[in-house]
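**Q** Below is the file upload37.cif, which contains mmCIF, C-alpha atoms.
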```cif
data_model
loop_
_atom_site.group_PDB
_atom_site.id
_atom_site.type_symbol
_atom_site.label_atom_id
_atom_site.label_comp_id
_atom_site.auth_asym_id
_atom_site.auth_seq_id
_atom_site.Cartn_x
_atom_site.Cartn_y
_atom_site.Cartn_z
ATOM 1 C CA MET A 1 0.000 0.000 0.000
ATOM 2 C CA LEU A 2 1.211 3.491 -0.839
ATOM 3 C CA ILE A 3 0.829 5.983 2.026
ATOM 4 C CA SER A 4 2.753 8.863 0.447
ATOM 5 C CA PRO A 5 3.878 9.582 -3.134
ATOM 6 C CA LEU A 6 7.127 7.939 -4.099
ATOM 7 C CA PRO A 7 9.966 10.371 -4.833
ATOM 8 C CA ASP A 8 10.456 10.977 -8.566
ATOM 9 C CA LEU A 9 13.972 9.559 -8.276
ATOM 10 C CA VAL A 10 12.645 6.060 -7.572
ATOM 11 C CA TYR A 11 11.050 5.907 -11.030
ATOM 12 C CA GLN A 12 14.479 6.144 -12.639
ATOM 13 C CA PRO A 13 16.244 2.905 -13.543
ATOM 14 C CA GLY A 14 19.564 2.577 -11.812
ATOM 15 C CA VAL A 15 22.094 0.216 -10.294
ATOM 16 C CA MET A 16 21.276 -2.036 -7.324
ATOM 17 C CA LEU A 17 24.197 -2.300 -4.864
ATOM 18 C CA ASP A 18 24.868 -4.599 -1.941
ATOM 19 C CA LEU A 19 28.201 -4.878 -0.156
ATOM 20 C CA GLU A 20 29.690 -7.629 1.941
ATOM 21 C CA THR A 21 32.324 -6.347 4.359
ATOM 22 C CA ARG A 22 35.190 -7.782 6.330
ATOM 23 C CA LEU A 23 34.463 -8.447 9.996
ATOM 24 C CA ASP A 24 37.961 -7.360 11.031
ATOM 25 C CA ASP A 25 38.145 -3.859 9.497
ATOM 26 C CA GLY A 26 34.761 -3.164 7.870
ATOM 27 C CA THR A 27 36.116 -2.741 4.347
ATOM 28 C CA PRO A 28 34.209 -4.316 1.453
ATOM 29 C CA TRP A 29 35.344 -7.651 0.089
ATOM 30 C CA CYS A 30 32.406 -8.102 -2.291
ATOM 31 C CA PHE A 31 30.658 -5.472 -4.402
ATOM 32 C CA GLY A 32 27.470 -7.021 -5.798
ATOM 33 C CA TRP A 33 25.296 -5.157 -8.274
ATOM 34 C CA GLN A 34 22.513 -5.575 -10.785
ATOM 35 C CA ILE A 35 21.373 -3.359 -13.642
ATOM 36 C CA GLY A 36 17.796 -3.850 -14.818
ATOM 37 C CA GLN A 37 16.922 -7.512 -15.208
ATOM 38 C CA ALA A 38 20.488 -8.508 -16.147
ATOM 39 C CA PRO A 39 22.162 -11.129 -13.943
ATOM 40 C CA MET A 40 23.853 -9.931 -10.779
ATOM 41 C CA GLU A 41 27.573 -9.222 -11.139
ATOM 42 C CA ALA A 42 30.263 -8.920 -8.496
ATOM 43 C CA ILE A 43 33.735 -7.656 -7.771
ATOM 44 C CA LEU A 44 35.786 -9.683 -5.273
ATOM 45 C CA VAL A 45 38.798 -8.437 -3.324
ATOM 46 C CA ASP A 46 41.686 -10.911 -3.156
ATOM 47 C CA ARG A 47 45.207 -9.482 -3.114
ATOM 48 C CA HIS A 48 46.756 -12.874 -3.873
ATOM 49 C CA TYR A 49 44.636 -13.864 -6.861
ATOM 50 C CA GLU A 50 46.371 -13.781 -10.214
ATOM 51 C CA GLY A 51 44.715 -14.477 -13.506
ATOM 52 C CA ASP A 52 41.543 -13.858 -15.431
ATOM 53 C CA PRO A 53 38.144 -13.158 -13.925
ATOM 54 C CA LEU A 54 37.129 -16.026 -11.664
ATOM 55 C CA ALA A 55 34.412 -18.422 -12.855
ATOM 56 C CA LEU A 56 32.455 -20.057 -10.035
ATOM 57 C CA PRO A 57 30.862 -23.513 -10.289
ATOM 58 C CA ASP A 58 27.393 -21.941 -10.710
ATOM 59 C CA GLY A 59 28.595 -19.942 -13.731
ATOM 60 C CA THR A 60 28.983 -16.609 -11.943
ATOM 61 C CA ILE A 61 31.975 -14.634 -13.220
ATOM 62 C CA LEU A 62 33.722 -12.456 -10.636
ATOM 63 C CA THR A 63 35.915 -9.485 -11.432
ATOM 64 C CA MET A 64 38.946 -9.828 -9.180
ATOM 65 C CA VAL A 65 40.779 -6.861 -7.633
ATOM 66 C CA ASP A 66 43.759 -6.516 -5.286
ATOM 67 C CA HIS A 67 42.320 -3.932 -2.892
ATOM 68 C CA HIS A 68 38.947 -2.504 -1.941
ATOM 69 C CA HIS A 69 39.978 0.885 -3.401
ATOM 70 C CA GLU A 70 40.355 -0.816 -6.764
ATOM 71 C CA GLY A 71 36.932 -2.416 -6.238
ATOM 72 C CA TRP A 72 35.337 0.950 -5.523
ATOM 73 C CA ARG A 73 36.948 2.456 -8.628
ATOM 74 C CA ALA A 74 35.787 -0.428 -10.820
ATOM 75 C CA PHE A 75 32.255 -0.094 -9.452
ATOM 76 C CA ALA A 76 32.287 3.686 -9.987
ATOM 77 C CA ASP A 77 33.371 3.117 -13.605
ATOM 78 C CA ILE A 78 30.430 0.765 -14.116
ATOM 79 C CA CYS A 79 28.028 3.296 -12.615
ATOM 80 C CA ALA A 80 29.413 6.067 -14.832
ATOM 81 C CA ALA A 81 27.974 4.220 -17.841
ATOM 82 C CA TYR A 82 24.485 4.052 -16.294
ATOM 83 C CA PRO A 83 22.764 7.270 -15.279
ATOM 84 C CA GLY A 84 20.305 7.184 -12.431
ATOM 85 C CA PRO A 85 20.423 6.265 -8.779
ATOM 86 C CA VAL A 86 22.554 3.662 -7.083
ATOM 87 C CA TYR A 87 19.948 1.919 -4.952
ATOM 88 C CA HIS A 88 20.799 0.277 -1.619
ATOM 89 C CA TRP A 89 18.957 -0.649 1.595
ATOM 90 C CA GLY A 90 19.558 1.278 4.809
ATOM 91 C CA SER A 91 22.522 3.419 5.774
ATOM 92 C CA PHE A 92 25.130 0.666 5.576
ATOM 93 C CA GLU A 93 26.398 1.108 1.999
ATOM 94 C CA LYS A 94 26.683 4.880 2.322
ATOM 95 C CA GLY A 95 28.612 4.508 5.571
ATOM 96 C CA VAL A 96 30.999 1.966 4.034
ATOM 97 C CA LEU A 97 31.490 4.231 1.010
ATOM 98 C CA ARG A 98 32.419 7.169 3.247
ATOM 99 C CA LYS A 99 34.802 5.100 5.393
ATOM 100 C CA SER A 100 36.530 2.987 2.753
ATOM 101 C CA ALA A 101 36.366 4.532 -0.721
ATOM 102 C CA PRO A 102 38.904 6.924 -2.245
ATOM 103 C CA GLU A 103 37.837 10.588 -2.226
ATOM 104 C CA ASP A 104 37.222 10.707 -5.993
ATOM 105 C CA VAL A 105 34.886 7.704 -5.756
ATOM 106 C CA ILE A 106 33.003 9.237 -2.832
ATOM 107 C CA ALA A 107 32.559 12.397 -4.897
ATOM 108 C CA ALA A 108 31.313 10.382 -7.884
ATOM 109 C CA LEU A 109 28.902 8.076 -6.028
ATOM 110 C CA GLU A 110 27.684 9.629 -2.786
ATOM 111 C CA GLY A 111 25.167 11.953 -4.432
ATOM 112 C CA ARG A 112 23.767 9.079 -6.491
ATOM 113 C CA LEU A 113 23.093 6.709 -3.583
ATOM 114 C CA HIS A 114 19.391 6.269 -2.824
ATOM 115 C CA ASP A 115 18.218 4.415 0.281
ATOM 116 C CA LEU A 116 15.238 2.273 -0.743
ATOM 117 C CA CYS A 117 14.616 1.391 2.913
ATOM 118 C CA ARG A 118 14.012 5.034 3.716
ATOM 119 C CA THR A 119 11.639 5.310 0.757
ATOM 120 C CA TYR A 120 9.832 2.176 1.937
ATOM 121 C CA ARG A 121 9.442 3.521 5.471
ATOM 122 C CA GLN A 122 8.198 6.923 4.301
ATOM 123 C CA CYS A 123 5.952 5.897 1.427
ATOM 124 C CA CYS A 124 4.871 2.244 1.623
ATOM 125 C CA ARG A 125 3.259 -0.193 4.003
ATOM 126 C CA LEU A 126 3.153 -3.947 4.147
ATOM 127 C CA PRO A 127 1.639 -5.952 7.025
ATOM 128 C CA LEU A 128 5.059 -6.384 8.634
ATOM 129 C CA THR A 129 6.627 -5.301 11.909
ATOM 130 C CA SER A 130 10.125 -4.925 10.471
ATOM 131 C CA ALA A 131 11.701 -2.993 7.592
ATOM 132 C CA SER A 132 14.614 -5.436 7.327
ATOM 133 C CA ILE A 133 15.292 -6.274 3.698
ATOM 134 C CA LYS A 134 15.173 -9.956 4.673
ATOM 135 C CA ILE A 135 11.610 -9.489 5.970
ATOM 136 C CA VAL A 136 10.270 -7.102 3.310
ATOM 137 C CA ALA A 137 11.691 -8.937 0.301
ATOM 138 C CA ALA A 138 10.768 -12.367 1.719
ATOM 139 C CA HIS A 139 7.174 -11.130 2.045
ATOM 140 C CA LEU A 140 7.323 -10.279 -1.673
ATOM 141 C CA GLY A 141 8.729 -13.717 -2.553
ATOM 142 C CA GLN A 142 12.528 -13.415 -2.351
ATOM 143 C CA VAL A 143 14.352 -16.514 -1.127
ATOM 144 C CA TRP A 144 17.862 -16.601 0.355
ATOM 145 C CA PRO A 145 20.111 -19.660 0.296
ATOM 146 C CA GLU A 146 19.311 -21.985 3.180
ATOM 147 C CA ASN A 147 21.285 -21.404 6.393
ATOM 148 C CA SER A 148 22.984 -18.305 4.982
ATOM 149 C CA SER A 149 23.754 -15.024 6.709
ATOM 150 C CA ALA A 150 26.354 -12.280 6.666
ATOM 151 C CA LEU A 151 28.427 -14.437 9.044
ATOM 152 C CA THR A 152 28.314 -17.565 6.885
ATOM 153 C CA CYS A 153 29.068 -15.393 3.853
ATOM 154 C CA TRP A 154 32.192 -14.066 5.593
ATOM 155 C CA SER A 155 33.185 -17.618 6.521
ATOM 156 C CA ASP A 156 32.741 -18.698 2.887
ATOM 157 C CA TYR A 157 34.992 -15.847 1.742
ATOM 158 C CA GLN A 158 37.608 -16.867 4.312
ATOM 159 C CA ALA A 159 37.476 -20.428 2.979
ATOM 160 C CA TRP A 160 38.215 -19.036 -0.474
ATOM 161 C CA LEU A 161 41.177 -16.992 0.786
ATOM 162 C CA PHE A 162 42.670 -19.896 2.768
ATOM 163 C CA ASP A 163 42.225 -22.806 0.369
ATOM 164 C CA ALA A 164 40.632 -21.482 -2.860
ATOM 165 C CA ASN A 165 37.362 -23.287 -2.097
ATOM 166 C CA LYS A 166 35.198 -22.231 -5.057
ATOM 167 C CA GLU A 167 32.117 -24.059 -3.802
ATOM 168 C CA ARG A 168 32.160 -22.147 -0.519
ATOM 169 C CA LEU A 169 32.803 -18.876 -2.313
ATOM 170 C CA ALA A 170 29.888 -19.587 -4.671
ATOM 171 C CA ARG A 171 27.656 -20.079 -1.619
ATOM 172 C CA GLY A 172 28.755 -16.721 -0.173
ATOM 173 C CA ILE A 173 28.229 -14.957 -3.482
ATOM 174 C CA ALA A 174 24.758 -16.561 -3.736
ATOM 175 C CA TYR A 175 23.877 -14.836 -0.445
ATOM 176 C CA ASN A 176 25.039 -11.484 -1.849
ATOM 177 C CA ARG A 177 23.112 -12.160 -5.076
ATOM 178 C CA ALA A 178 19.914 -12.718 -3.090
ATOM 179 C CA ASP A 179 20.393 -9.339 -1.363
ATOM 180 C CA VAL A 180 20.927 -7.592 -4.710
ATOM 181 C CA GLU A 181 17.918 -9.316 -6.279
ATOM 182 C CA ALA A 182 15.852 -8.334 -3.232
ATOM 183 C CA LEU A 183 16.519 -4.670 -4.013
ATOM 184 C CA THR A 184 15.296 -5.157 -7.571
ATOM 185 C CA LEU A 185 12.208 -7.013 -6.346
ATOM 186 C CA ILE A 186 11.300 -4.298 -3.834
ATOM 187 C CA ARG A 187 11.784 -1.452 -6.319
ATOM 188 C CA ASP A 188 9.731 -3.332 -8.931
ATOM 189 C CA TRP A 189 6.972 -3.766 -6.333
ATOM 190 C CA MET A 190 7.107 -0.046 -5.551
ATOM 191 C CA MET A 191 6.593 0.673 -9.252
ATOM 192 C CA THR A 192 3.294 -1.248 -9.142
ATOM 193 C CA LEU A 193 1.952 1.107 -6.460
ATOM 194 C CA ARG A 194 1.856 4.273 -8.539
#
```
Go ahead and express the file in the form of structure tokens.

**A**
Amino acid sequence: MLISPLPDLVYQPGVMLDLETRLDDGTPWCFGWQIGQAPMEAILVDRHYEGDPLALPDGTILTMVDHHHEGWRAFADICAAYPGPVYHWGSFEKGVLRKSAPEDVIAALEGRLHDLCRTYRQCCRLPLTSASIKIVAAHLGQVWPENSSALTCWSDYQAWLFDANKERLARGIAYNRADVEALTLIRDWMMTLR
């Protein structure tokens, strides 16, 4: 149900962004994004990886970078080709951007970030007691991998770093993919309310 008009910005197509961050220093290790109905893509930070983009067992191709600054720059370059907002959920992504991105990337992206959670809280209502993306998107039909969470995702990334376990990494990336797809699902639902 719509309780207040959606901001004009939300009607613009854009880039859906979800970050996974390190538990030790809060910097991003995975930048997941989706543009339109295209498959989710991701950038993975691994300073020891050498070679071409990494293909996971499920077919996902990851762009590999040495440092989170390089990841932010690669993501900013992608966004430069697509006008419109960079959608995210809650204040987390903006906070990570401000704390971990190079100044030029902050300047390029900060003004484009749009918090869909804030829009949901101000303009929409579902019969839910929480505005968590896991609750809102699940109500709309989104499914996350079984027994997955930010903690298991971090553990899966650690398994990749320690022993190049592609299956575990694929499981962690599947969790990030579900978060990214949840953003698309929620925005698409918002579009049906106008």

**Q** Tell me which residues the PyMOL selection byres ((chain A and resi 165-176) around 8) grabs here, as a list in words.

**A** Asp18, Leu19, Glu20, Gly32, Leu56, Pro57, Asp58, Thr60, Trp144, Pro145, Ser148, Ser149, Ala150, Thr152, Cys153, Trp154, Asp156, Tyr157, Ala159, Trp160, Leu161, Phe162, Asp163, Ala164, Arg177, Ala178, Asp179 and Val180 of chain A

**Q** Rank nothing, just name the residue among A:Pro85, A:Leu128, A:Glu41, A:Ile135 nearest to Tyr11 of chain A, using all atoms listed in the file.

**A**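 Nearest candidate to Tyr11 of chain A out of A:Pro85, A:Leu128, A:Glu41, A:Ile135: A:Pro85.
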
**Q** Figure out the distance between atom CA of Ala108 of chain A and atom CA of Glu50 of chain A, please, to one decimal in Å.

**A**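 Computed distance, atom CA of Glu50 of chain A to atom CA of Ala108 of chain A, equals 28.6 Å.
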
**Q** Given all atoms listed in the file as the basis, pick out the residue of A:Glu146, A:Glu70, A:Asp115, A:Asp52 nearest to Tyr87 of chain A.

**A** A:Asp115

**Q** Translate the PyMOL selection byres ((chain A and resi 86) around 8) into a concrete residue list for this structure, as a CSV table (one decimal) with C-alpha atoms, in the coordinates of the input.

**A**
```csv
chain,number,residue,atom,x,y,z
A,14,GLY,CA,19.6,2.6,-11.8
A,15,VAL,CA,22.1,0.2,-10.3
A,16,MET,CA,21.3,-2.0,-7.3
A,17,LEU,CA,24.2,-2.3,-4.9
A,79,CYS,CA,28.0,3.3,-12.6
A,84,GLY,CA,20.3,7.2,-12.4
A,85,PRO,CA,20.4,6.3,-8.8
A,87,TYR,CA,19.9,1.9,-5.0
A,88,HIS,CA,20.8,0.3,-1.6
A,109,LEU,CA,28.9,8.1,-6.0
A,112,ARG,CA,23.8,9.1,-6.5
A,113,LEU,CA,23.1,6.7,-3.6
A,114,HIS,CA,19.4,6.3,-2.8
```

**Q** With distances taken over only C-alpha atoms, which of A:Ile186, A:Ala38, A:Leu23, A:Ile3 is nearest to Ser155 of chain A?

**A**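 The shortest atom-to-atom distance to Ser155 of chain A comes from A:Leu23.
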
**Q** Between atom CA of Met64 of chain A and atom CA of Arg187 of chain A, measure the distance and give it in Å to one decimal.

**A**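 Separation of atom CA of Met64 of chain A and atom CA of Arg187 of chain A: 28.6 Å.
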
**Q** So the first atom is atom CA of His69 of chain A and the second is atom CA of Phe92 of chain A; what is the distance between them in Å, to one decimal place?

**A**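 Between these atoms lies a distance of 17.4 Å.
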
**Q** Starting from the shown file, work through the PyMOL selection byres ((chain A and resi 48) around 10) and note down what comes out as a compact mmCIF listing (two decimals) with C-alpha atoms, in the frame of the given file.

**A**
```txt
# COMPACT_ATOMS: atom_id res chain seq x y z
CA VAL A 45 38.80 -8.44 -3.32
CA ASP A 46 41.69 -10.91 -3.16
CA ARG A 47 45.21 -9.48 -3.11
CA TYR A 49 44.64 -13.86 -6.86
CA GLU A 50 46.37 -13.78 -10.21
CA GLY A 51 44.72 -14.48 -13.51
CA MET A 64 38.95 -9.83 -9.18
CA VAL A 65 40.78 -6.86 -7.63
CA ASP A 66 43.76 -6.52 -5.29
CA LEU A 161 41.18 -16.99 0.79
```

**Q** With a distance cut-off of 9 Å and only C-alpha atoms, select the neighbouring residues of Val143 of chain A, excluding the residue or stretch itself and same-chain residues fewer than 5 positions from it, and output the selection as number ranges by chain.

**A** A: 134, 137-138, 178, 182

**Q** Looking at A:Glu93, A:Asp24, A:Asp8, A:Glu181, which one is nearest to Leu140 of chain A, with distances taken over all atoms listed in the file?

**A**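 The answer is A:Glu181, which sits nearest to Leu140 of chain A.
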
**Q** Counting all atoms listed in the file, give me one row per residue of segment 105-127 of chain A with an atom at most 12 Å from an atom of segment 189-192 of chain A, showing the shortest contact pair and its distance in Å to one decimal, sorted by chain then residue number, as a Markdown table.

**A**
```
| residue | atom | partner | partner_atom | distance |
| --- | --- | --- | --- | --- |
| A:Leu116 | CA | A:Met190 | CA | 9.7 |
| A:Cys117 | CA | A:Met190 | CA | 11.4 |
| A:Thr119 | CA | A:Met190 | CA | 9.4 |
| A:Tyr120 | CA | A:Met190 | CA | 8.3 |
| A:Arg121 | CA | A:Met190 | CA | 11.8 |
| A:Cys123 | CA | A:Met190 | CA | 9.2 |
| A:Cys124 | CA | A:Met190 | CA | 7.9 |
| A:Arg125 | CA | A:Met190 | CA | 10.3 |
| A:Leu126 | CA | A:Trp189 | CA | 11.2 |
```

**Q** What does the file look like for those residues with C-alpha atoms, as a short mmCIF file (atom, residue, chain, number, x, y, z; two decimals), in the frame of the given file?

**A**
```
data_model
loop_
_atom_site.label_atom_id
_atom_site.label_comp_id
_atom_site.auth_asym_id
_atom_site.auth_seq_id
_atom_site.Cartn_x
_atom_site.Cartn_y
_atom_site.Cartn_z
CA LEU A 116 15.24 2.27 -0.74
CA CYS A 117 14.62 1.39 2.91
CA THR A 119 11.64 5.31 0.76
CA TYR A 120 9.83 2.18 1.94
CA ARG A 121 9.44 3.52 5.47
CA CYS A 123 5.95 5.90 1.43
CA CYS A 124 4.87 2.24 1.62
CA ARG A 125 3.26 -0.19 4.00
CA LEU A 126 3.15 -3.95 4.15
#
```

**Q** With distances taken over only C-alpha atoms, which residue among A:Pro53, A:Arg98, A:Cys30, A:Gly36 lies nearest Gln12 of chain A?

**A**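 Checking each of A:Pro53, A:Arg98, A:Cys30, A:Gly36 against Gln12 of chain A, counting only C-alpha atoms, the winner is A:Gly36.
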